[in-house]
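Q: Got a file for you: model.txt, compact mmCIF, C-alpha atoms.
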```txt
# COMPACT_ATOMS: atom_id res chain seq x y z
CA MET A 513 24.19 6.41 20.05
CA HIS A 514 21.32 6.37 22.55
CA ILE A 515 17.91 5.94 20.89
CA LEU A 516 14.55 6.18 22.64
CA LEU A 517 11.84 4.15 20.87
CA LEU A 518 8.25 5.21 21.58
CA GLU A 519 5.60 2.50 21.04
CA PRO A 520 2.05 3.12 22.33
CA TYR A 521 0.84 -0.27 21.00
CA PHE A 522 3.35 -2.74 22.40
CA THR A 523 2.08 -6.11 21.26
CA GLY A 524 2.22 -8.51 18.34
CA SER A 525 4.34 -7.48 15.38
CA HIS A 526 5.02 -4.04 16.91
CA LEU A 527 6.53 -5.65 20.00
CA ALA A 528 8.54 -8.18 18.00
CA TRP A 529 9.96 -5.46 15.73
CA ALA A 530 10.88 -3.16 18.63
CA GLU A 531 12.56 -5.89 20.67
CA GLY A 532 14.29 -7.24 17.56
CA LEU A 533 15.77 -3.85 16.80
CA GLN A 534 16.78 -3.45 20.43
CA SER A 535 18.55 -6.83 20.37
CA TYR A 536 20.34 -6.55 17.03
CA SER A 537 21.23 -2.88 16.76
CA LYS A 538 24.73 -1.76 17.71
CA ASN A 539 23.11 1.29 19.31
CA GLU A 540 21.70 1.54 22.81
CA ILE A 541 17.92 1.45 22.43
CA ASP A 542 15.48 2.02 25.28
CA ILE A 543 11.74 1.50 24.79
CA LEU A 544 8.91 3.52 26.30
CA SER A 545 5.67 1.65 25.68
CA LEU A 546 2.02 1.15 26.56
CA LYS A 547 0.05 -2.08 26.53
CA GLY A 548 -1.12 -3.05 23.05
CA GLN A 549 -4.89 -2.70 23.30
CA PHE A 550 -7.62 -0.15 22.46
CA TRP A 551 -5.79 1.06 19.35
CA LYS A 552 -8.03 4.08 18.77
CA TRP A 553 -7.48 5.33 22.29
CA ARG A 554 -3.75 4.71 21.98
CA LEU A 555 -3.66 6.86 18.83
CA HIS A 556 -5.58 9.60 20.66
CA GLY A 557 -4.27 9.49 24.21
CA GLY A 558 -1.08 7.42 24.16
CA ALA A 559 1.00 10.53 23.51
CA VAL A 560 -0.03 12.06 26.84
CA SER A 561 1.02 8.97 28.80
CA LEU A 562 4.33 8.59 26.95
CA ALA A 563 5.05 12.31 27.30
CA ASN A 564 4.69 11.94 31.07
CA GLN A 565 7.09 9.00 31.02
CA PHE A 566 9.56 10.89 28.86
CA ASN A 567 9.49 14.02 31.02
CA GLY A 568 10.33 11.86 34.03
CA LEU A 569 13.52 10.48 32.50
CA GLU A 570 16.84 11.75 33.83
CA ARG A 571 18.69 11.09 30.58
CA SER A 572 17.94 12.57 27.15
CA PRO A 573 18.45 10.41 24.04
CA ASP A 574 20.37 11.29 20.88
CA LEU A 575 17.36 10.31 18.76
CA ILE A 576 13.65 9.86 19.43
CA PHE A 577 12.22 7.08 17.26
CA ALA A 578 8.41 6.96 17.37
CA THR A 579 6.00 4.62 15.61
CA SER A 580 2.87 5.50 13.69
CA MET A 581 0.61 4.65 16.65
CA LEU A 582 1.81 7.85 18.36
CA ASP A 583 0.23 11.28 17.97
CA LEU A 584 3.62 12.89 17.58
CA THR A 585 2.31 16.47 17.56
CA THR A 586 0.76 16.06 21.01
CA PHE A 587 3.85 14.32 22.35
CA LEU A 588 6.15 17.11 21.13
CA ALA A 589 3.84 19.83 22.49
CA LEU A 590 3.90 18.22 25.95
CA THR A 591 7.66 17.64 25.96
CA ARG A 592 8.90 20.75 24.13
CA LYS A 593 11.26 21.90 26.89
CA LYS A 594 13.05 18.57 26.84
CA SER A 595 12.64 17.36 23.23
CA LYS A 596 13.17 20.59 21.30
CA ASP A 597 16.79 19.85 20.32
CA ILE A 598 16.47 16.10 19.74
CA PRO A 599 16.07 14.72 16.18
CA ILE A 600 12.72 12.99 15.69
CA ALA A 601 12.05 10.06 13.35
CA ILE A 602 8.72 8.27 12.91
CA TYR A 603 8.26 4.75 11.55
CA PHE A 604 5.03 3.86 9.79
CA HIS A 605 4.06 0.23 10.37
CA GLU A 606 0.61 1.17 9.09
CA ASN A 607 -1.52 4.28 8.61
CA GLN A 608 -5.20 5.10 8.86
CA LEU A 609 -5.32 7.02 5.58
CA SER A 610 -4.93 4.11 3.18
CA TYR A 611 -6.06 1.33 5.52
CA PRO A 612 -9.31 -0.23 4.24
CA TRP A 613 -11.74 0.33 7.09
CA SER A 614 -14.50 -2.18 7.63
CA PRO A 615 -17.85 -0.71 6.50
CA THR A 616 -19.36 -1.90 9.80
CA ASP A 617 -16.91 0.13 11.94
CA ARG A 618 -18.84 2.63 14.05
CA ASP A 619 -16.49 5.48 13.13
CA VAL A 620 -17.10 4.81 9.43
CA ILE A 621 -20.86 4.68 9.91
CA GLU A 622 -20.77 8.01 11.78
CA ASN A 623 -18.28 9.52 9.28
CA ARG A 624 -15.62 10.36 11.84
CA ASN A 625 -12.80 8.02 10.78
CA LYS A 626 -10.85 10.73 8.90
CA HIS A 627 -9.53 12.10 12.19
CA TYR A 628 -7.26 9.09 12.70
CA GLY A 629 -5.69 9.65 9.30
CA PHE A 630 -5.17 13.31 10.12
CA ILE A 631 -3.20 12.32 13.22
CA ASN A 632 -0.89 10.25 10.99
CA TYR A 633 -0.54 13.12 8.51
CA ALA A 634 0.24 15.70 11.21
CA SER A 635 2.72 13.35 12.89
CA ALA A 636 4.60 12.88 9.62
CA LEU A 637 4.63 16.63 9.09
CA ALA A 638 6.05 17.22 12.59
CA ALA A 639 8.85 14.62 12.35
CA ASP A 640 12.33 15.34 11.04
CA HIS A 641 12.49 11.97 9.27
CA VAL A 642 9.62 9.77 8.06
CA LEU A 643 10.21 6.05 7.47
CA PHE A 644 7.91 3.55 5.76
CA ASN A 645 8.13 -0.23 5.85
CA SER A 646 7.62 -0.54 2.07
CA LYS A 647 7.66 1.52 -1.10
CA TYR A 648 3.98 0.75 -1.59
CA HIS A 649 3.24 2.10 1.90
CA LYS A 650 5.08 5.34 1.22
CA ASN A 651 3.36 5.91 -2.11
CA SER A 652 -0.12 5.11 -0.75
CA PHE A 653 0.42 7.41 2.25
CA ILE A 654 1.45 10.32 0.03
CA LYS A 655 -1.50 9.76 -2.31
CA GLU A 656 -4.10 9.45 0.45
CA SER A 657 -2.69 12.43 2.39
CA LYS A 658 -3.35 14.60 -0.65
CA ASN A 659 -6.86 13.19 -0.92
CA LEU A 660 -7.46 13.92 2.76
CA LEU A 661 -6.43 17.56 2.48
CA LYS A 662 -8.49 18.04 -0.68
CA HIS A 663 -11.50 16.92 1.36
CA PHE A 664 -11.41 20.15 3.40
CA PRO A 665 -12.93 23.48 2.21
CA ASP A 666 -9.89 25.80 2.16
CA TYR A 667 -6.24 26.25 3.25
CA ASN A 668 -5.56 22.73 2.03
CA GLU A 669 -1.78 23.11 2.45
CA LEU A 670 -1.04 20.62 -0.33
CA ASP A 671 2.59 21.76 -0.39
CA SER A 672 3.00 20.07 2.99
CA ILE A 673 2.74 16.69 1.26
CA SER A 674 5.86 17.47 -0.77
CA ALA A 675 7.62 18.37 2.47
CA ILE A 676 6.71 14.97 3.91
CA GLU A 677 7.75 13.15 0.75
CA ASN A 678 11.13 14.89 0.66
CA LYS A 679 12.03 13.66 4.14
CA SER A 680 10.67 10.14 3.64
CA THR A 681 12.67 6.92 3.31
CA VAL A 682 11.70 3.30 2.74
CA LEU A 683 13.08 1.06 5.49
CA HIS A 684 11.79 -2.50 5.36
CA LEU A 685 10.95 -4.42 8.50
CA GLY A 686 13.55 -6.51 10.24
CA LEU A 687 12.36 -10.00 11.18
CA ASP A 688 13.79 -12.77 13.34
CA LEU A 689 13.58 -15.42 10.63
CA ASN A 690 16.44 -17.63 11.79
CA ARG A 691 14.36 -18.74 14.77
CA PHE A 692 12.36 -20.91 12.36
CA ASP A 693 15.40 -23.04 11.52
CA PRO A 694 15.32 -25.52 14.46
CA PHE A 695 11.75 -26.59 13.66
CA LYS A 696 12.18 -27.62 10.04
CA THR A 697 10.07 -30.63 9.06
CA ASN A 698 8.98 -32.37 5.86
CA HIS A 699 5.42 -32.91 4.64
CA ASP A 700 4.63 -35.92 2.46
CA GLY A 701 0.83 -36.13 2.62
CA PRO A 702 -1.77 -34.43 0.42
CA PRO A 703 -0.97 -30.83 -0.65
CA LEU A 704 -1.27 -28.59 2.41
CA ILE A 705 -2.69 -25.10 1.88
CA LEU A 706 -1.87 -22.45 4.48
CA TRP A 707 -3.67 -19.44 5.97
CA ASN A 708 -1.44 -17.68 8.54
CA HIS A 709 -2.97 -14.20 8.81
CA ARG A 710 -5.27 -12.46 11.27
CA TRP A 711 -8.92 -13.48 10.98
CA GLU A 712 -10.13 -10.05 9.93
CA TYR A 713 -11.92 -8.21 7.16
CA ASP A 714 -8.81 -6.67 5.60
CA LYS A 715 -7.27 -10.10 4.96
CA ASN A 716 -10.17 -10.89 2.60
CA PRO A 717 -10.94 -14.42 3.81
CA GLU A 718 -14.03 -14.58 1.57
CA ASP A 719 -11.97 -14.85 -1.64
CA PHE A 720 -9.58 -17.31 0.00
CA PHE A 721 -12.23 -19.73 1.17
CA HIS A 722 -14.44 -19.38 -1.91
CA THR A 723 -11.46 -20.47 -4.00
CA LEU A 724 -11.06 -23.55 -1.78
CA PHE A 725 -14.79 -24.28 -1.97
CA ARG A 726 -14.42 -24.30 -5.75
CA LEU A 727 -11.49 -26.71 -5.59
CA GLN A 728 -13.42 -29.00 -3.29
CA ASP A 729 -16.44 -28.96 -5.60
CA LYS A 730 -14.15 -30.13 -8.43
CA GLY A 731 -12.96 -33.06 -6.31
CA ILE A 732 -9.36 -31.78 -6.06
CA GLU A 733 -7.52 -33.26 -3.09
CA PHE A 734 -5.85 -30.95 -0.55
CA GLN A 735 -5.50 -30.30 3.17
CA LEU A 736 -5.89 -26.97 4.97
CA ALA A 737 -4.19 -25.40 7.99
CA VAL A 738 -5.82 -22.20 9.22
CA LEU A 739 -3.52 -20.39 11.62
CA GLY A 740 -3.40 -16.76 12.74
CA GLU A 741 -4.87 -14.67 15.51
CA ASN A 742 -8.63 -14.63 15.85
CA PHE A 743 -10.75 -12.25 17.87
CA LYS A 744 -14.17 -12.13 19.52
CA SER A 745 -15.69 -10.82 16.31
CA THR A 746 -14.46 -12.58 13.17
CA PRO A 747 -15.90 -12.71 9.64
CA SER A 748 -18.66 -15.32 9.41
CA ILE A 749 -16.89 -17.01 6.48
CA PHE A 750 -14.59 -18.75 8.98
CA ASP A 751 -17.54 -20.60 10.55
CA GLU A 752 -18.83 -21.48 7.09
CA ALA A 753 -15.40 -22.76 6.02
CA LYS A 754 -14.97 -24.81 9.19
CA GLU A 755 -18.16 -26.67 8.32
CA LYS A 756 -17.78 -26.97 4.54
CA LEU A 757 -14.09 -27.91 4.62
CA SER A 758 -14.20 -30.05 7.75
CA GLU A 759 -12.75 -33.08 5.97
CA LYS A 760 -9.84 -31.01 4.62
CA ILE A 761 -8.90 -29.15 7.81
CA VAL A 762 -5.90 -30.43 9.79
CA HIS A 763 -5.58 -27.34 12.01
CA PHE A 764 -8.02 -24.50 12.70
CA GLY A 765 -7.06 -21.82 15.22
CA PHE A 766 -4.32 -19.78 16.82
CA CYS A 767 -1.04 -21.56 17.60
CA LYS A 768 -0.28 -21.14 21.28
CA SER A 769 3.46 -21.70 20.84
CA PHE A 770 5.96 -20.48 18.29
CA GLU A 771 7.24 -24.03 17.86
CA THR A 772 3.80 -25.21 16.70
CA TYR A 773 3.44 -22.23 14.38
CA ALA A 774 6.88 -22.79 12.86
CA GLN A 775 6.24 -26.49 12.31
CA TRP A 776 3.01 -25.78 10.46
CA LEU A 777 4.79 -23.31 8.19
CA TRP A 778 7.49 -25.83 7.35
CA ASN A 779 4.78 -28.46 6.72
CA ALA A 780 2.76 -26.19 4.45
CA ASP A 781 3.08 -26.48 0.68
CA ILE A 782 1.15 -23.55 -0.80
CA LEU A 783 0.29 -20.03 0.46
CA PRO A 784 -2.57 -18.44 -1.50
CA VAL A 785 -2.90 -14.81 -0.36
CA THR A 786 -6.05 -12.75 -0.94
CA ASN A 787 -5.40 -9.77 1.37
CA ILE A 788 -6.75 -6.34 0.48
CA GLN A 789 -4.47 -4.68 3.03
CA ASP A 790 -0.79 -5.22 3.76
CA PHE A 791 1.77 -2.48 4.19
CA PHE A 792 4.54 -5.08 4.40
CA GLY A 793 3.48 -8.71 4.83
CA ILE A 794 5.19 -10.34 7.83
CA SER A 795 3.22 -13.58 7.74
CA ILE A 796 3.93 -13.91 4.01
CA ILE A 797 7.68 -13.40 4.38
CA GLU A 798 7.70 -15.96 7.21
CA ALA A 799 5.97 -18.53 5.01
CA ILE A 800 8.29 -17.77 2.09
CA TYR A 801 11.29 -18.26 4.40
CA THR A 802 9.99 -21.76 5.19
CA ASP A 803 9.82 -22.53 1.43
CA THR A 804 6.04 -22.34 1.16
CA TYR A 805 4.98 -21.78 -2.45
CA PRO A 806 3.49 -18.24 -2.60
CA LEU A 807 0.55 -17.13 -4.76
CA LEU A 808 0.18 -13.39 -4.30
CA PRO A 809 -2.20 -10.80 -5.80
CA ASN A 810 -0.91 -8.11 -8.15
CA ARG A 811 -1.48 -5.33 -5.62
CA LEU A 812 -0.23 -3.76 -2.41
CA THR A 813 3.38 -4.48 -1.47
CA TYR A 814 3.63 -7.98 -2.96
CA PRO A 815 5.15 -7.18 -6.38
CA GLU A 816 7.77 -5.18 -4.47
CA LEU A 817 8.71 -7.97 -2.05
CA LEU A 818 8.80 -10.73 -4.66
CA PRO A 819 11.66 -10.42 -7.21
CA GLU A 820 10.41 -9.86 -10.74
CA LYS A 821 11.59 -13.24 -12.03
CA TYR A 822 8.97 -14.87 -9.78
CA HIS A 823 6.06 -12.68 -10.90
CA LYS A 824 4.89 -14.84 -13.81
CA ASN A 825 4.28 -17.94 -11.70
CA HIS A 826 3.55 -16.41 -8.31
CA ILE A 827 1.63 -13.17 -8.93
CA TYR A 828 -2.00 -13.59 -9.98
CA ILE A 829 -4.25 -11.04 -11.70
CA ASP A 830 -7.72 -11.90 -10.40
CA GLU A 831 -9.65 -14.57 -8.51
CA SER A 832 -9.95 -16.76 -11.60
CA ASP A 833 -6.19 -16.60 -12.13
CA LEU A 834 -5.64 -17.52 -8.47
CA TYR A 835 -7.86 -20.58 -8.88
CA GLU A 836 -5.96 -21.78 -11.95
CA LYS A 837 -2.52 -21.17 -10.40
CA LEU A 838 -3.54 -22.89 -7.17
CA LYS A 839 -5.03 -25.86 -9.01
CA SER A 840 -1.86 -26.20 -11.10
CA ALA A 841 0.33 -26.08 -7.98
CA ILE A 842 -1.75 -28.80 -6.33
CA MET A 843 -1.66 -31.01 -9.42
CA ASP A 844 2.12 -30.56 -9.68
CA ILE A 845 2.84 -30.87 -5.96
CA SER A 846 6.00 -32.94 -6.49
CA HIS A 847 7.61 -30.02 -8.31
CA VAL A 848 6.23 -27.48 -5.82
CA ARG A 849 7.93 -29.33 -2.97
CA THR A 850 11.32 -29.01 -4.67
CA CYS A 851 11.07 -25.21 -4.94
CA LYS A 852 13.14 -23.13 -2.54
CA PHE A 853 12.13 -19.58 -1.62
CA SER A 854 14.05 -18.80 1.58
CA ALA A 855 16.57 -16.64 -0.32
CA ILE A 856 13.75 -14.17 -1.07
CA ALA A 857 13.08 -13.69 2.64
CA GLU A 858 16.61 -13.81 4.06
CA PRO A 859 17.44 -10.15 3.33
CA PHE A 860 14.75 -9.18 5.87
CA ASP A 861 16.34 -11.12 8.72
CA TRP A 862 17.61 -8.83 11.47
CA SER A 863 21.17 -10.01 10.84
CA ASN A 864 20.93 -8.19 7.51
CA MET A 865 18.53 -5.38 8.37
CA ALA A 866 20.03 -4.14 11.66
CA PRO A 867 23.13 -2.68 9.95
CA VAL A 868 20.82 -0.90 7.49
CA TYR A 869 18.88 0.66 10.36
CA ASP A 870 22.06 1.67 12.19
CA GLU A 871 23.58 3.28 9.12
CA LEU A 872 20.41 5.30 8.54
CA PHE A 873 20.22 6.36 12.19
CA SER A 874 23.76 7.70 12.00
CA THR A 875 22.70 10.12 9.24
CA PHE A 876 19.99 11.58 11.51
CA ILE A 877 22.48 12.91 14.05
CA ASP A 878 24.14 16.22 13.24
```
If you took the structure in this file and wrote it as structure tokens, what would it be?

A:
Amino acid sequence: MHILLLEPYFTGSHLAWAEGLQSYSKNEIDILSLKGQFWKWRLHGGAVSLANQFNGLERSPDLIFATSMLDLTTFLALTRKKSKDIPIAIYFHENQLSYPWSPTDRDVIENRNKHYGFINYASALAADHVLFNSKYHKNSFIKESKNLLKHFPDYNELDSISAIENKSTVLHLGLDLNRFDPFKTNHDGPPLILWNHRWEYDKNPEDFFHTLFRLQDKGIEFQLAVLGENFKSTPSIFDEAKEKLSEKIVHFGFCKSFETYAQWLWNADILPVTNIQDFFGISIIEAIYTDTYPLLPNRLTYPELLPEKYHKNHIYIDESDLYEKLKSAIMDISHVRTCKFSAIAEPFDWSNMAPVYDELFSTFID
């Protein structure tokens, strides 16, 4: 089967996922992409650029596989002569309906952010098959699509949400987890706490660092590695934490090489997560694969990704519960370091997920 993957935001996790699928799938997958920057403009205008690329191709694919950063309705309108008989699937890495926008975003301030969610809704409606990277993501998209349509004065077309739901499937991300294996190390010093997410509002760094401030005030010994991508504008709590926790910090900043990143994950002991947005949780699955002890909130996709037998010890209810669970893990670090979690993450490795993708793709072709 020849599959054409359309990715207007070809960077970071989107790039890794697309190239992973291309490498591990038994199908022939070609990628049409645009540079991963200016996400709002990509969601608006990327479809025009990719339509031009598509119309210039000599060969037509058996399946068009777009991602949620594409305005699929515009793409199909501009390619209708060539795409009209090709099955269309769309994969939602994220969506702008249930994504928690920062209150300081200019589009939120000017009350024009709903348009981005409408693009996602219309794209799902136009596709033949709609795929979500988690059950939580699917459910939140359906719920928020209904809320979006109810926002408008008439002709709400609520039945269209049922049409989307009926053609929707949960298809978890595939990840290249085995690449962590060569960099396995052991950590014998003080308990090492890990942050390995983007330095942004939706990852809720305030609750994370305030919990560590509280531990420090109680004289509890730990070390801290703050990894993840940071941008020109980051929440001010990172500067505050760098100063207040200076004696605890052993790394603070983006890892320039995968080897360094992987070594820090293997070194880490405990992963307290405070995110208020995650449609899947790549950084969390990576840390779990390297046997880092997870402490996850009872929200979003986390109860879905973590088998139920782990919920009692690893899912927390509120910030106070997180503090107590984190303190207990630190105080019992010898036991924590004997715990193995890689089996939770292994099903998401591409060696296991690629056959799942391929089997699903085969059902899309008449």

Q: CA of Phe587 (chain A) to CA of Ala559 (chain A): how many Å, to one decimal?

A: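 Computing the Euclidean distance for CA of Phe587 (chain A) and CA of Ala559 (chain A) yields 4.9 Å.
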
Q: Excluding Leu517 (chain A) and any residue of its chain fewer than 3 positions from it, enumerate the residues within 7 Å of it, using only C-alpha atoms, and give them as a PyMOL selection string.

A: chain A and resi 541-544+576-578

Q: Extract, using only C-alpha atoms, all DNA, RNA and protein residues at most 12 Å from Asp597 (chain A), discarding same-chain residues fewer than 3 positions from it, and format them as a tab-separated table (two decimals) with C-alpha atoms, in the coordinates of the input.

A:
```tsv
chain	number	residue	atom	x	y	z
A	572	SER	CA	17.94	12.57	27.15
A	573	PRO	CA	18.45	10.41	24.04
A	574	ASP	CA	20.37	11.29	20.88
A	575	LEU	CA	17.36	10.31	18.76
A	576	ILE	CA	13.65	9.86	19.43
A	588	LEU	CA	6.15	17.11	21.13
A	591	THR	CA	7.66	17.64	25.96
A	592	ARG	CA	8.90	20.75	24.13
A	593	LYS	CA	11.26	21.90	26.89
A	594	LYS	CA	13.05	18.57	26.84
A	600	ILE	CA	12.72	12.99	15.69
A	640	ASP	CA	12.33	15.34	11.04
A	877	ILE	CA	22.48	12.91	14.05
A	878	ASP	CA	24.14	16.22	13.24
```

Q: Nearest to Pro694 (chain A): which of A:Ser846, A:Thr802, A:Leu872, A:Ser795 is it, counting all atoms listed in the file?

A: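 Once distances to Pro694 (chain A) are computed over all atoms listed in the file, the minimum belongs to A:Thr802.
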
Q: Just the residues within 8 Å of Gly548 (chain A), please, counting all atoms listed in the file, with nothing from its chain fewer than 2 positions along; format it as a list in words.

A: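 In the requested format, the answer is Pro520, Tyr521, Phe522, Thr523, Gly524, Leu546, Phe550 and Trp551 of chain A.
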
Q: Got a sec: who's within 12 Å of Glu871 (chain A), counting all atoms listed in the file, leaving out chain neighbours fewer than 3 positions off, as a PyMOL selection string?

A: chain A and resi 513+537-539+683+864-868+874-877
